[in-house]
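Pasted below: entry.txt, compact mmCIF, C-alpha atoms.
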```
# COMPACT_ATOMS: atom_id res chain seq x y z
CA MET X 142 0.00 0.00 0.00
CA ARG X 143 1.28 3.49 -0.91
CA PHE X 144 2.04 5.97 1.90
CA HIS X 145 0.98 9.60 1.56
CA ARG X 146 3.76 11.05 3.70
CA GLN X 147 3.29 14.61 2.47
CA HIS X 148 0.00 14.87 4.36
CA SER X 149 1.16 13.27 7.58
CA LEU X 150 2.25 15.83 10.12
CA GLU X 151 0.04 18.72 9.11
CA ASN X 152 -3.13 16.62 8.97
CA TYR X 153 -2.70 14.26 11.91
CA ASN X 154 -2.58 15.39 15.52
CA CYS X 155 -0.27 13.03 17.38
CA THR X 156 -1.75 14.10 20.72
CA THR X 157 -5.45 13.64 19.97
CA GLY X 158 -5.06 10.97 17.29
CA LYS X 159 -7.55 12.72 15.02
CA ILE X 160 -7.31 13.31 11.28
CA ASN X 161 -8.32 16.72 9.96
CA ALA X 162 -11.63 16.27 8.16
CA GLU X 163 -10.56 17.97 4.93
CA SER X 164 -7.67 15.54 4.48
CA GLU X 165 -9.37 12.37 5.74
CA ALA X 166 -9.86 11.02 2.23
CA ARG X 167 -6.24 11.57 1.24
CA ILE X 168 -4.20 10.45 4.18
CA ASP X 169 -3.22 6.81 4.30
CA ILE X 170 -4.53 4.98 7.38
CA LEU X 171 -1.68 2.50 7.24
CA TYR X 172 0.83 5.33 7.46
CA ILE X 173 -0.96 6.71 10.52
CA TYR X 174 -0.99 3.27 12.12
CA THR X 175 2.63 2.34 11.47
CA VAL X 176 4.43 5.69 11.57
CA LEU X 177 2.46 8.41 13.32
CA VAL X 178 0.79 6.53 16.18
CA PRO X 179 4.13 5.27 17.57
CA MET X 180 5.08 8.96 17.96
CA MET X 181 2.38 9.39 20.63
CA ASN X 182 3.55 9.14 24.23
CA ILE X 183 2.20 6.40 26.45
CA HIS X 184 0.09 8.79 28.54
CA ASP X 185 -1.82 9.96 25.46
CA LYS X 186 -2.33 6.37 24.37
CA LEU X 187 -3.61 5.43 27.82
CA GLU X 188 -6.11 8.27 27.82
CA ILE X 189 -7.52 7.21 24.44
CA LEU X 190 -7.51 3.45 24.95
CA ALA X 191 -8.83 3.47 28.51
CA ASP X 192 -11.72 5.66 27.38
CA ALA X 193 -12.35 3.38 24.39
CA ALA X 194 -12.64 0.37 26.72
CA LYS X 195 -15.45 1.86 28.81
CA TYR X 196 -18.14 0.43 26.53
CA ASP X 197 -17.25 -3.14 27.49
CA ALA X 198 -19.18 -4.17 30.60
CA SER X 199 -17.86 -7.69 31.07
CA CYS X 200 -15.01 -7.07 33.45
CA ALA X 201 -15.92 -8.75 36.74
CA SER X 202 -13.53 -11.34 38.11
CA SER X 203 -15.85 -13.55 40.14
CA GLY X 204 -14.68 -17.13 40.06
CA ALA X 205 -10.96 -16.51 39.75
CA PRO X 206 -8.96 -18.92 41.89
CA LYS X 207 -7.14 -17.66 44.97
CA ARG X 208 -3.60 -16.96 43.92
CA SER X 209 -1.03 -14.75 45.61
CA SER X 210 2.62 -13.81 45.37
CA GLN X 211 2.85 -13.45 49.14
CA GLY X 212 5.73 -15.54 50.41
CA LYS X 213 6.91 -16.45 46.93
CA GLY X 214 8.32 -14.86 43.80
CA GLY X 215 6.39 -12.67 41.42
CA LEU X 216 3.81 -9.99 41.98
CA GLY X 217 0.04 -9.59 42.20
CA ALA X 218 -2.86 -11.50 43.68
CA THR X 219 -6.46 -12.39 42.95
CA THR X 220 -9.42 -12.45 45.28
CA GLY X 221 -12.63 -14.44 45.24
CA VAL X 222 -14.78 -11.40 44.45
CA GLY X 223 -14.98 -8.94 41.58
CA ILE X 224 -11.95 -6.87 40.66
CA CYS X 225 -13.46 -4.44 38.17
CA HIS X 226 -14.99 -1.59 40.15
CA SER X 227 -16.08 -3.94 42.92
CA TYR X 228 -15.86 -4.12 46.69
CA THR X 229 -14.49 -6.87 48.90
CA PRO X 230 -16.43 -8.03 51.99
CA ASP X 231 -14.24 -5.79 54.17
CA GLY X 232 -15.16 -2.73 52.10
CA ARG X 233 -12.02 -2.34 49.99
CA CYS X 234 -12.54 -1.09 46.45
CA ILE X 235 -10.48 -3.08 43.98
CA SER X 236 -10.12 -2.49 40.28
CA LEU X 237 -8.24 -3.56 37.20
CA LEU X 238 -6.51 -1.83 34.35
CA LYS X 239 -9.20 -1.87 31.67
CA ILE X 240 -7.84 -0.92 28.26
CA LEU X 241 -7.82 -1.78 24.59
CA LEU X 242 -4.63 -2.87 22.91
CA THR X 243 -5.79 -0.63 20.07
CA ASN X 244 -8.97 1.04 18.89
CA PHE X 245 -7.98 0.71 15.24
CA CYS X 246 -10.32 -1.84 13.70
CA VAL X 247 -10.83 -3.30 10.25
CA TYR X 248 -14.50 -4.02 11.07
CA ASP X 249 -17.25 -1.45 10.61
CA CYS X 250 -19.87 -2.53 13.18
CA GLN X 251 -22.49 0.21 13.17
CA TYR X 252 -23.04 0.23 16.94
CA CYS X 253 -19.33 0.56 17.77
CA VAL X 254 -17.61 3.88 18.41
CA ASN X 255 -14.34 2.34 17.17
CA ARG X 256 -15.75 1.16 13.86
CA ARG X 257 -13.56 1.57 10.79
CA SER X 258 -15.51 4.57 9.47
CA SER X 259 -15.60 6.44 12.79
CA ASN X 260 -13.49 9.57 13.09
CA VAL X 261 -12.34 9.09 16.69
CA PRO X 262 -8.87 9.50 18.15
CA ARG X 263 -6.85 6.35 17.42
CA ALA X 264 -3.96 4.80 19.30
CA ARG X 265 -2.18 1.51 19.74
CA PHE X 266 -0.09 0.06 22.54
CA THR X 267 2.83 -2.23 21.95
CA VAL X 268 2.98 -5.52 23.83
CA GLN X 269 5.79 -4.17 26.00
CA GLU X 270 3.83 -1.03 26.89
CA VAL X 271 0.82 -2.97 28.17
CA VAL X 272 3.05 -5.29 30.19
CA LYS X 273 4.91 -2.35 31.70
CA LEU X 274 1.72 -0.43 32.48
CA THR X 275 0.18 -3.44 34.21
CA ALA X 276 3.25 -4.16 36.32
CA ASP X 277 3.82 -0.49 37.18
CA PHE X 278 0.18 0.13 38.09
CA TYR X 279 0.13 -2.92 40.31
CA LEU X 280 3.32 -1.94 42.11
CA ARG X 281 1.76 1.47 42.76
CA ASN X 282 -1.28 -0.29 44.22
CA TYR X 283 -3.57 1.15 41.54
CA ILE X 284 -4.90 -2.18 40.26
CA ASP X 285 -5.27 -5.86 41.04
CA GLY X 286 -5.35 -7.12 37.49
CA LEU X 287 -5.82 -6.51 33.79
CA PHE X 288 -8.84 -6.48 31.49
CA LEU X 289 -7.62 -6.42 27.91
CA SER X 290 -9.58 -6.18 24.68
CA SER X 291 -8.76 -4.87 21.23
CA GLY X 292 -9.99 -3.77 17.87
CA ILE X 293 -9.07 -6.08 14.99
CA ILE X 294 -5.80 -5.02 13.36
CA GLN X 295 -4.24 -6.64 10.29
CA SER X 296 -6.05 -9.93 10.94
CA PRO X 297 -7.82 -11.81 13.75
CA ASP X 298 -4.81 -14.12 14.17
CA TYR X 299 -2.36 -11.22 14.42
CA THR X 300 -4.53 -9.44 17.00
CA MET X 301 -4.97 -12.57 19.07
CA GLU X 302 -1.23 -13.24 18.96
CA GLN X 303 -0.63 -9.79 20.45
CA LEU X 304 -3.13 -10.36 23.27
CA VAL X 305 -1.65 -13.76 24.09
CA ALA X 306 1.88 -12.34 24.05
CA ILE X 307 0.90 -9.81 26.72
CA ALA X 308 -0.63 -12.42 29.01
CA ARG X 309 2.29 -14.79 28.44
CA SER X 310 4.86 -12.13 29.29
CA LEU X 311 3.03 -11.11 32.46
CA ARG X 312 2.74 -14.68 33.69
CA LEU X 313 6.12 -16.07 32.65
CA ASP X 314 8.48 -13.10 32.51
CA HIS X 315 7.06 -11.11 35.43
CA GLN X 316 5.45 -13.93 37.44
CA PHE X 317 2.31 -11.83 37.62
CA ARG X 318 -0.25 -13.59 39.82
CA GLY X 319 -3.06 -11.07 39.54
CA TYR X 320 -6.25 -11.42 37.59
CA ILE X 321 -6.20 -11.39 33.78
CA HIS X 322 -9.29 -11.22 31.58
CA LEU X 323 -8.72 -11.50 27.84
CA LYS X 324 -11.31 -10.78 25.17
CA THR X 325 -10.82 -13.39 22.49
CA ILE X 326 -11.16 -12.85 18.77
CA PRO X 327 -13.73 -15.36 17.42
CA ASP X 328 -12.15 -15.66 13.97
CA ALA X 329 -8.68 -16.36 15.37
CA ASP X 330 -6.99 -19.75 15.15
CA PRO X 331 -8.42 -22.03 17.91
CA LYS X 332 -4.85 -22.82 18.98
CA LEU X 333 -4.34 -19.16 19.87
CA ILE X 334 -7.54 -19.14 21.93
CA GLU X 335 -6.38 -22.33 23.62
CA GLU X 336 -3.05 -20.72 24.51
CA ALA X 337 -4.87 -17.65 25.85
CA GLY X 338 -6.72 -19.87 28.31
CA LEU X 339 -3.44 -21.07 29.78
CA TYR X 340 -2.57 -17.56 30.97
CA ALA X 341 -5.92 -15.81 31.47
CA ASP X 342 -8.27 -16.32 34.41
CA ARG X 343 -11.27 -15.58 32.25
CA LEU X 344 -11.89 -15.52 28.51
CA SER X 345 -14.81 -13.81 26.87
CA VAL X 346 -16.28 -13.82 23.41
CA ASN X 347 -18.71 -10.97 22.86
CA ILE X 348 -21.86 -12.00 21.05
CA GLU X 349 -22.82 -8.28 20.96
CA LEU X 350 -26.33 -8.76 19.54
CA PRO X 351 -28.94 -11.37 20.48
CA THR X 352 -30.10 -12.48 17.03
CA VAL X 353 -28.48 -13.62 13.80
CA ALA X 354 -30.50 -11.06 11.85
CA SER X 355 -29.18 -8.19 14.00
CA VAL X 356 -25.59 -9.33 13.59
CA GLU X 357 -25.98 -9.60 9.82
CA ARG X 358 -27.49 -6.12 9.62
CA LEU X 359 -25.33 -4.17 12.07
CA ALA X 360 -22.07 -6.14 12.01
CA PRO X 361 -21.92 -7.84 8.59
CA GLU X 362 -18.22 -8.75 8.92
CA LYS X 363 -19.01 -10.85 11.99
CA LYS X 364 -20.72 -14.22 11.93
CA MET X 365 -22.86 -15.55 14.78
CA HIS X 366 -21.81 -19.08 13.83
CA THR X 367 -18.12 -18.21 14.27
CA ILE X 368 -18.77 -16.56 17.63
CA LYS X 369 -20.56 -19.65 18.93
CA LEU X 370 -17.82 -21.94 17.62
CA ALA X 371 -15.29 -19.98 19.68
CA MET X 372 -17.52 -20.29 22.75
CA ALA X 373 -17.84 -24.02 22.15
CA SER X 374 -14.07 -24.50 21.87
CA ILE X 375 -13.54 -22.69 25.18
CA ARG X 376 -16.20 -24.81 26.84
CA ARG X 377 -14.56 -28.01 25.58
CA LYS X 378 -11.20 -27.01 27.06
CA ILE X 379 -12.82 -26.11 30.39
CA ASP X 380 -14.63 -29.47 30.43
CA GLU X 381 -11.40 -31.30 29.63
CA LYS X 382 -9.72 -29.62 32.58
CA ALA X 383 -12.62 -30.60 34.86
CA GLU X 384 -12.35 -34.23 33.74
CA GLU X 385 -8.57 -34.34 34.12
CA PRO X 386 -7.48 -32.46 37.27
CA LYS X 387 -3.79 -32.83 36.41
CA ALA X 388 -4.24 -31.06 33.09
CA PRO X 389 -2.87 -27.48 32.86
CA LYS X 390 -5.19 -24.79 34.17
CA PHE X 391 -7.47 -23.33 31.55
CA ALA X 392 -9.48 -20.14 32.14
CA PRO X 393 -10.31 -21.12 35.75
CA ALA X 394 -12.84 -18.26 36.06
CA GLY X 395 -14.69 -19.53 32.97
CA GLN X 396 -15.99 -17.53 30.04
CA SER X 397 -18.45 -14.68 29.64
CA THR X 398 -20.03 -12.57 26.94
CA GLN X 399 -21.78 -9.25 26.43
CA MET X 400 -24.96 -8.18 24.68
CA ILE X 401 -25.78 -4.61 23.69
CA VAL X 402 -29.28 -3.53 24.70
CA GLY X 403 -31.20 -1.03 22.60
CA ALA X 404 -29.03 -0.99 19.48
CA ASP X 405 -31.84 -2.73 17.59
CA GLN X 406 -35.51 -3.54 18.10
CA THR X 407 -34.89 -6.85 19.90
CA ASP X 408 -37.08 -7.08 23.00
CA ASP X 409 -36.16 -8.37 26.45
CA SER X 410 -37.90 -11.71 25.98
CA THR X 411 -35.58 -12.52 23.05
CA ILE X 412 -32.52 -11.21 24.91
CA LEU X 413 -33.26 -13.37 27.96
CA ALA X 414 -33.99 -16.43 25.81
CA THR X 415 -30.63 -15.96 24.07
CA ALA X 416 -28.87 -15.60 27.41
CA GLU X 417 -30.54 -18.72 28.75
CA THR X 418 -29.38 -20.68 25.70
CA LEU X 419 -25.82 -19.39 26.11
CA TYR X 420 -25.74 -20.46 29.75
CA SER X 421 -26.96 -23.96 29.02
CA SER X 422 -25.04 -24.55 25.79
CA TYR X 423 -21.66 -23.03 26.64
CA LYS X 424 -21.65 -22.94 30.46
CA LEU X 425 -21.02 -19.22 30.55
CA LYS X 426 -20.32 -17.72 33.94
CA ARG X 427 -21.96 -14.44 33.07
CA VAL X 428 -23.82 -12.65 30.34
CA TYR X 429 -23.29 -8.90 30.65
CA TYR X 430 -25.71 -6.32 29.34
CA SER X 431 -24.62 -2.92 28.07
CA ALA X 432 -27.15 -0.22 27.24
CA PHE X 433 -26.46 1.18 23.79
CA SER X 434 -24.84 4.59 23.89
CA PRO X 435 -25.43 6.78 20.82
CA ILE X 436 -22.15 7.80 19.31
CA PRO X 437 -21.16 10.85 17.25
CA GLN X 438 -21.78 10.57 13.53
CA SER X 439 -23.74 7.35 13.96
CA PRO X 440 -24.77 5.54 10.78
CA LYS X 441 -28.33 6.01 9.63
CA GLY X 442 -30.74 3.64 11.28
CA MET X 443 -29.02 3.62 14.67
CA PRO X 444 -31.07 4.92 17.63
CA ALA X 445 -30.60 8.59 18.42
CA LYS X 446 -31.35 8.06 22.11
CA PRO X 447 -30.12 5.42 24.57
CA PRO X 448 -32.57 2.99 26.16
CA PRO X 449 -33.55 3.64 29.79
CA MET X 450 -30.75 2.60 32.13
CA MET X 451 -33.40 0.87 34.22
CA ARG X 452 -33.94 -1.55 31.33
CA GLU X 453 -30.33 -2.71 31.61
CA HIS X 454 -30.78 -3.02 35.39
CA ARG X 455 -33.93 -5.13 35.03
CA LEU X 456 -32.17 -7.44 32.59
CA TYR X 457 -29.41 -8.01 35.12
CA GLN X 458 -32.02 -8.81 37.78
CA ALA X 459 -33.82 -11.23 35.46
CA ASP X 460 -30.53 -12.80 34.44
CA PHE X 461 -29.71 -13.43 38.11
CA LEU X 462 -33.08 -15.12 38.60
CA VAL X 463 -32.36 -17.42 35.65
CA ARG X 464 -28.81 -18.23 36.79
CA SER X 465 -29.37 -18.66 40.51
CA TYR X 466 -33.07 -19.00 41.37
CA GLY X 467 -34.20 -21.65 38.92
CA PHE X 468 -36.44 -19.37 36.88
CA GLN X 469 -36.84 -19.94 33.17
CA ALA X 470 -36.79 -16.98 30.83
CA LYS X 471 -40.31 -17.74 29.62
CA GLU X 472 -41.58 -17.54 33.21
CA LEU X 473 -40.35 -13.98 33.56
CA LEU X 474 -41.72 -12.94 30.17
CA SER X 475 -44.32 -15.36 28.86
CA GLY X 476 -44.77 -13.50 25.60
CA THR X 477 -42.96 -10.87 23.60
CA GLY X 478 -42.05 -7.52 25.07
CA ASN X 479 -39.81 -5.94 27.67
CA LEU X 480 -39.50 -6.31 31.42
CA ALA X 481 -41.46 -3.90 33.57
CA LEU X 482 -39.44 -0.86 34.60
CA ASP X 483 -41.46 0.11 37.70
CA ILE X 484 -41.13 -3.21 39.52
CA ASP X 485 -38.41 -5.84 39.62
CA PRO X 486 -38.85 -9.14 37.68
CA LYS X 487 -39.28 -11.28 40.80
CA LEU X 488 -42.09 -9.10 42.11
CA ALA X 489 -43.65 -9.00 38.65
CA TRP X 490 -43.68 -12.82 38.56
CA ALA X 491 -45.22 -13.07 42.04
CA LEU X 492 -47.97 -10.60 41.15
CA ALA X 493 -48.73 -12.59 37.99
CA HIS X 494 -48.89 -15.89 39.91
CA ARG X 495 -50.96 -15.12 42.97
CA GLU X 496 -52.14 -18.72 43.06
CA HIS X 497 -48.88 -19.60 44.84
CA PHE X 498 -49.33 -16.99 47.57
CA PRO X 499 -49.47 -16.31 50.43
CA LEU X 500 -46.84 -18.96 51.05
CA ASP X 501 -46.47 -20.68 54.42
CA LEU X 502 -42.78 -20.39 55.26
CA ASN X 503 -43.02 -23.23 57.77
CA THR X 504 -44.05 -25.83 55.21
CA ALA X 505 -43.04 -24.57 51.75
CA ASP X 506 -40.17 -25.98 49.70
CA ALA X 507 -36.97 -23.95 49.71
CA SER X 508 -37.27 -23.40 45.96
CA MET X 509 -40.60 -21.65 46.46
CA ILE X 510 -39.41 -19.62 49.45
CA ALA X 511 -36.63 -18.24 47.24
CA ARG X 512 -39.32 -16.97 44.84
CA VAL X 513 -40.95 -14.80 47.48
CA PRO X 514 -40.21 -11.11 46.79
CA GLY X 515 -37.92 -9.74 49.46
CA ILE X 516 -36.30 -13.08 50.36
CA GLY X 517 -32.94 -13.94 48.82
CA LEU X 518 -31.04 -17.20 48.57
CA ARG X 519 -29.05 -16.68 51.76
CA ASN X 520 -32.14 -15.96 53.84
CA THR X 521 -33.94 -18.88 52.22
CA ASN X 522 -31.27 -21.19 53.61
CA ARG X 523 -31.45 -19.51 57.01
CA ILE X 524 -35.23 -19.91 57.15
CA VAL X 525 -34.98 -23.61 56.28
CA GLN X 526 -32.33 -24.11 58.96
CA LEU X 527 -34.30 -22.19 61.59
CA ARG X 528 -37.60 -24.01 61.06
CA ARG X 529 -35.90 -27.32 61.85
CA SER X 530 -35.76 -26.21 65.46
CA ARG X 531 -38.93 -24.08 65.77
CA LYS X 532 -41.71 -22.35 63.91
CA ILE X 533 -40.87 -19.30 61.82
CA ARG X 534 -42.38 -16.11 63.26
CA TYR X 535 -42.75 -12.67 61.70
CA VAL X 536 -40.06 -11.15 63.90
CA ASP X 537 -37.56 -13.74 62.61
CA LEU X 538 -37.82 -12.19 59.16
CA THR X 539 -37.10 -8.73 60.51
CA HIS X 540 -34.04 -10.11 62.31
CA LEU X 541 -32.88 -11.61 58.99
CA ARG X 542 -33.30 -8.14 57.44
CA CYS X 543 -35.62 -9.34 54.73
CA SER X 544 -37.32 -6.69 52.64
CA MET X 545 -40.48 -6.58 54.74
CA ASP X 546 -42.44 -4.14 52.60
CA LYS X 547 -42.09 -6.49 49.63
CA LEU X 548 -42.72 -9.82 51.30
CA LYS X 549 -45.67 -8.99 53.60
CA PRO X 550 -48.42 -9.68 51.02
CA PHE X 551 -46.85 -13.00 50.03
CA ILE X 552 -46.11 -14.93 53.25
CA VAL X 553 -47.69 -16.74 56.15
CA THR X 554 -45.82 -17.39 59.42
CA ALA X 555 -46.84 -18.91 62.76
CA ASP X 556 -48.13 -15.51 63.94
CA TYR X 557 -48.84 -13.59 60.75
CA ARG X 558 -51.13 -13.67 57.76
CA PRO X 559 -51.53 -10.73 55.38
CA LEU X 560 -54.75 -8.76 55.78
CA ASN X 561 -54.76 -7.82 52.10
CA ASP X 562 -54.23 -11.29 50.63
CA THR X 563 -57.34 -10.79 48.54
CA ALA X 564 -56.19 -7.44 47.14
CA SER X 565 -55.81 -7.37 43.38
CA SER X 566 -52.37 -7.65 41.83
CA GLU X 567 -52.86 -4.27 40.17
CA MET X 568 -53.55 -2.64 43.54
CA LEU X 569 -50.47 -4.25 45.05
CA ARG X 570 -48.40 -3.19 42.07
CA ARG X 571 -49.40 0.44 42.45
CA ALA X 572 -48.53 0.31 46.12
CA MET X 573 -45.17 -1.38 45.61
CA ALA X 574 -43.96 0.25 42.38
CA GLU X 575 -40.65 2.05 42.64
CA GLN X 576 -41.19 5.76 42.38
CA PRO X 577 -38.71 7.66 40.18
CA GLU X 578 -36.54 10.02 42.20
CA GLN X 579 -34.42 12.89 40.95
CA MET X 580 -30.88 12.51 42.21
CA SER X 581 -29.31 15.59 43.75
CA LEU X 582 -25.78 16.80 43.14
CA PHE X 583 -25.73 18.50 46.53
CA PRO X 584 -27.74 16.37 49.03
CA ALA X 585 -25.93 17.90 52.01
CA LEU X 586 -27.11 21.38 51.06
CA GLN X 587 -30.68 20.16 50.69
CA GLU X 588 -30.59 18.51 54.10
CA GLY X 589 -29.44 21.72 55.70
CA ALA X 590 -32.05 23.84 53.94
```
Starting from the coordinates I provided, produce the structure as structure tokens.
Amino acid sequence: MRFHRQHSLENYNCTTGKINAESEARIDILYIYTVLVPMMNIHDKLEILADAAKYDASCASSGAPKRSSQGKGGLGATTGVGICHSYTPDGRCISLLKILLTNFCVYDCQYCVNRRSSNVPRARFTVQEVVKLTADFYLRNYIDGLFLSSGIIQSPDYTMEQLVAIARSLRLDHQFRGYIHLKTIPDADPKLIEEAGLYADRLSVNIELPTVASVERLAPEKKMHTIKLAMASIRRKIDEKAEEPKAPKFAPAGQSTQMIVGADQTDDSTILATAETLYSSYKLKRVYYSAFSPIPQSPKGMPAKPPPMMREHRLYQADFLVRSYGFQAKELLSGTGNLALDIDPKLAWALAHREHFPLDLNTADASMIARVPGIGLRNTNRIVQLRRSRKIRYVDLTHLRCSMDKLKPFIVTADYRPLNDTASSEMLRRAMAEQPEQMSLFPALQEGA
């Protein structure tokens, strides 16, 4: 490919990474990528590539094995709870370095801010720069691990090789024992994905959109079939490790994926059904949901406004019910449509199935107790344990700090029965719906007023 060097320095800002609009058609993108971007300093790259990574939600580290450098060589540690913007049981906030290797991309996915046709600042790290940043940030106690993704550069295999090289260097050259999450490239050679699993705690393959039709329309260079093949290959390696304990560790925290909500017309019932299939078919640890964020100069046909953030929240709640409470997606949404925004999915199910309530907590199965609004899995187990020694009373639930306002219409105890157990579901819904509240920037000033 021919370089247009004469337009380089005057038309490309090495600090912002942007191309002047009047010269965009003339300047050679390969020249920018190979010559100009390396001129940027690492701080400018970090600013661009950390910001570019914010659209990826799948960065929790739940399930990573306990591993520490304390008392041995190397550096870093993992914990049993989330690393990405999460809190440990003792209240410590822990985080990871969440960046892209590069936001250059040969794909032109319409929902992506880093698509090929987008005029955003561009940058690219070298393998050595990411390794150094991770080690330096850890030694300064800024992070506990690394979340690394990338746009597709040159080819899927080349990009995946770069990601694997970073994880390999951290583990082998620096004895890094912290958490590593790698986003895999579905079209890459399966051997590269297999090698990635030897160094990463978690692998993820983003499905992005819940239907084949949406992928074909909004991301024509991607193939749903290829994405699922990559998921299947990761599952097989995880299963092989489970069957042969002496085999090398492979992605011990499992695999995850992400779906964008609101980029197309797909409703919540389809999204949840897709998630349920992914959990059962590929043993995913998590499906993450990311509300679509309109981007500058969006292609025609993309939404001009984001979906309500509450929709994303309700999907996470419904997803948790499917993963941990034994609900099926079709129970939470029996037909087409979206989840209710004013009440949570568990309460919505209970109001739609009043035939099961009020439920006697002294005789009901644990699986049904867990379906009572206001009672979680931990308190379900505590109730079952307690009733082995005596009858459950109303005050016991207050001591367990159950959500009393939610559960009162749905339970019976030794000394309590709801007075409004014949009230209509619509009346209960109006009484229990979450009222929207305007957040204040200065609550302390309002309190003192």
Got a sec to check which residues sit within 9 Å of (-29.7, -15.4, 31.9), counting all atoms listed in the file, and write them as a short mmCIF file (atom, residue, chain, number, x, y, z; two decimals) with C-alpha atoms, in the frame of the given file?
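As a result, point_9.cif now contains:
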```cif
data_model
loop_
_atom_site.label_atom_id
_atom_site.label_comp_id
_atom_site.auth_asym_id
_atom_site.auth_seq_id
_atom_site.Cartn_x
_atom_site.Cartn_y
_atom_site.Cartn_z
CA ILE X 412 -32.52 -11.21 24.91
CA LEU X 413 -33.26 -13.37 27.96
CA ALA X 414 -33.99 -16.43 25.81
CA THR X 415 -30.63 -15.96 24.07
CA ALA X 416 -28.87 -15.60 27.41
CA GLU X 417 -30.54 -18.72 28.75
CA THR X 418 -29.38 -20.68 25.70
CA LEU X 419 -25.82 -19.39 26.11
CA TYR X 420 -25.74 -20.46 29.75
CA ARG X 427 -21.96 -14.44 33.07
CA VAL X 428 -23.82 -12.65 30.34
CA LEU X 456 -32.17 -7.44 32.59
CA TYR X 457 -29.41 -8.01 35.12
CA ALA X 459 -33.82 -11.23 35.46
CA ASP X 460 -30.53 -12.80 34.44
CA PHE X 461 -29.71 -13.43 38.11
CA LEU X 462 -33.08 -15.12 38.60
CA VAL X 463 -32.36 -17.42 35.65
CA ARG X 464 -28.81 -18.23 36.79
CA GLN X 469 -36.84 -19.94 33.17
CA ALA X 470 -36.79 -16.98 30.83
#
```
Let me make sure I understand: among X:Lys239, X:Arg571, X:His322, X:Arg309, which one has the smallest atom-to-atom distance to Gln269 in chain X if we use all atoms listed in the file?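 Of all the options, X:Arg309 lies closest to Gln269 in chain X.
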How many Å separate CA of Tyr299 in chain X from CA of Arg257 in chain X?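 Taking CA of Tyr299 in chain X and CA of Arg257 in chain X, their separation equals 17.4 Å.
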When you count all atoms listed in the file, which of these residues is closest to Ser345 in chain X: X:Ser290, X:Ser439, X:Thr521, X:Thr300?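 Among the listed residues, X:Ser290 lies closest to Ser345 in chain X.
Of the residues under consideration (X:Ala445, X:Leu289, X:Leu538, X:Leu473), X:Leu289 shows the shortest atom-to-atom contact distance to Phe266 in chain X when counting all atoms listed in the file.
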Would you kindly return, as a PyMOL selection string, each protein, DNA or RNA residue with an atom no farther than 12 Å from any atom of Arg376 in chain X, considering only C-alpha atoms and excluding same-chain residues fewer than 6 positions away? chain X and resi 334-335+338+343-346+369-370+382-383+391-397+419-426
Distance in Å - CA of Gln251 in chain X versus CA of Leu359 in chain X: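 Result for CA of Gln251 in chain X versus CA of Leu359 in chain X: 5.3 Å, one decimal.
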Please work out which residues fall within 12 Å of (-0.4, 8.4, 29.8), coordinates as given in the file, with all atoms listed in the file counting, and return them as a compact mmCIF listing (two decimals) with C-alpha atoms, in the frame of the given file.
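Once everything was written out, this is selection_29.txt:
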```txt
# COMPACT_ATOMS: atom_id res chain seq x y z
CA THR X 156 -1.75 14.10 20.72
CA MET X 181 2.38 9.39 20.63
CA ASN X 182 3.55 9.14 24.23
CA ILE X 183 2.20 6.40 26.45
CA HIS X 184 0.09 8.79 28.54
CA ASP X 185 -1.82 9.96 25.46
CA LYS X 186 -2.33 6.37 24.37
CA LEU X 187 -3.61 5.43 27.82
CA GLU X 188 -6.11 8.27 27.82
CA ILE X 189 -7.52 7.21 24.44
CA LEU X 190 -7.51 3.45 24.95
CA ALA X 191 -8.83 3.47 28.51
CA ASP X 192 -11.72 5.66 27.38
CA ALA X 264 -3.96 4.80 19.30
CA PHE X 266 -0.09 0.06 22.54
CA GLU X 270 3.83 -1.03 26.89
CA VAL X 271 0.82 -2.97 28.17
CA LEU X 274 1.72 -0.43 32.48
CA PHE X 278 0.18 0.13 38.09
```
Nearest to Glu362 in chain X: which of X:Tyr535, X:Cys250, X:Pro389, X:Leu527 is it, counting all atoms listed in the file? X:Cys250
Pick from X:Glu349, X:Asp380, X:Asp249, X:Asp314: nearest to Gln399 in chain X, with only C-alpha atoms counted? X:Glu349
Using only C-alpha atoms, which residue out of X:Glu381, X:Thr398, X:Gln438, X:Arg519 lies closest to Ser258 in chain X?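 Nearest to Ser258 in chain X: X:Gln438.
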Residues near Lys364 in chain X, anyone? I mean within 12 Å using all atoms listed in the file, not counting same-chain ones fewer than 2 positions away, as a count of residues only. 26
One decimal, in Å: what's the spacing between CA of Lys273 in chain X and CA of Arg256 in chain X? 27.5 Å
I'd like the contact shell of Pro550 in chain X - 9 Å cut-off, only C-alpha atoms, skipping same-chain residues fewer than 2 positions apart - returned as a ChimeraX atom specification. /X:498-499,546-548,552-553,558-562,564,569
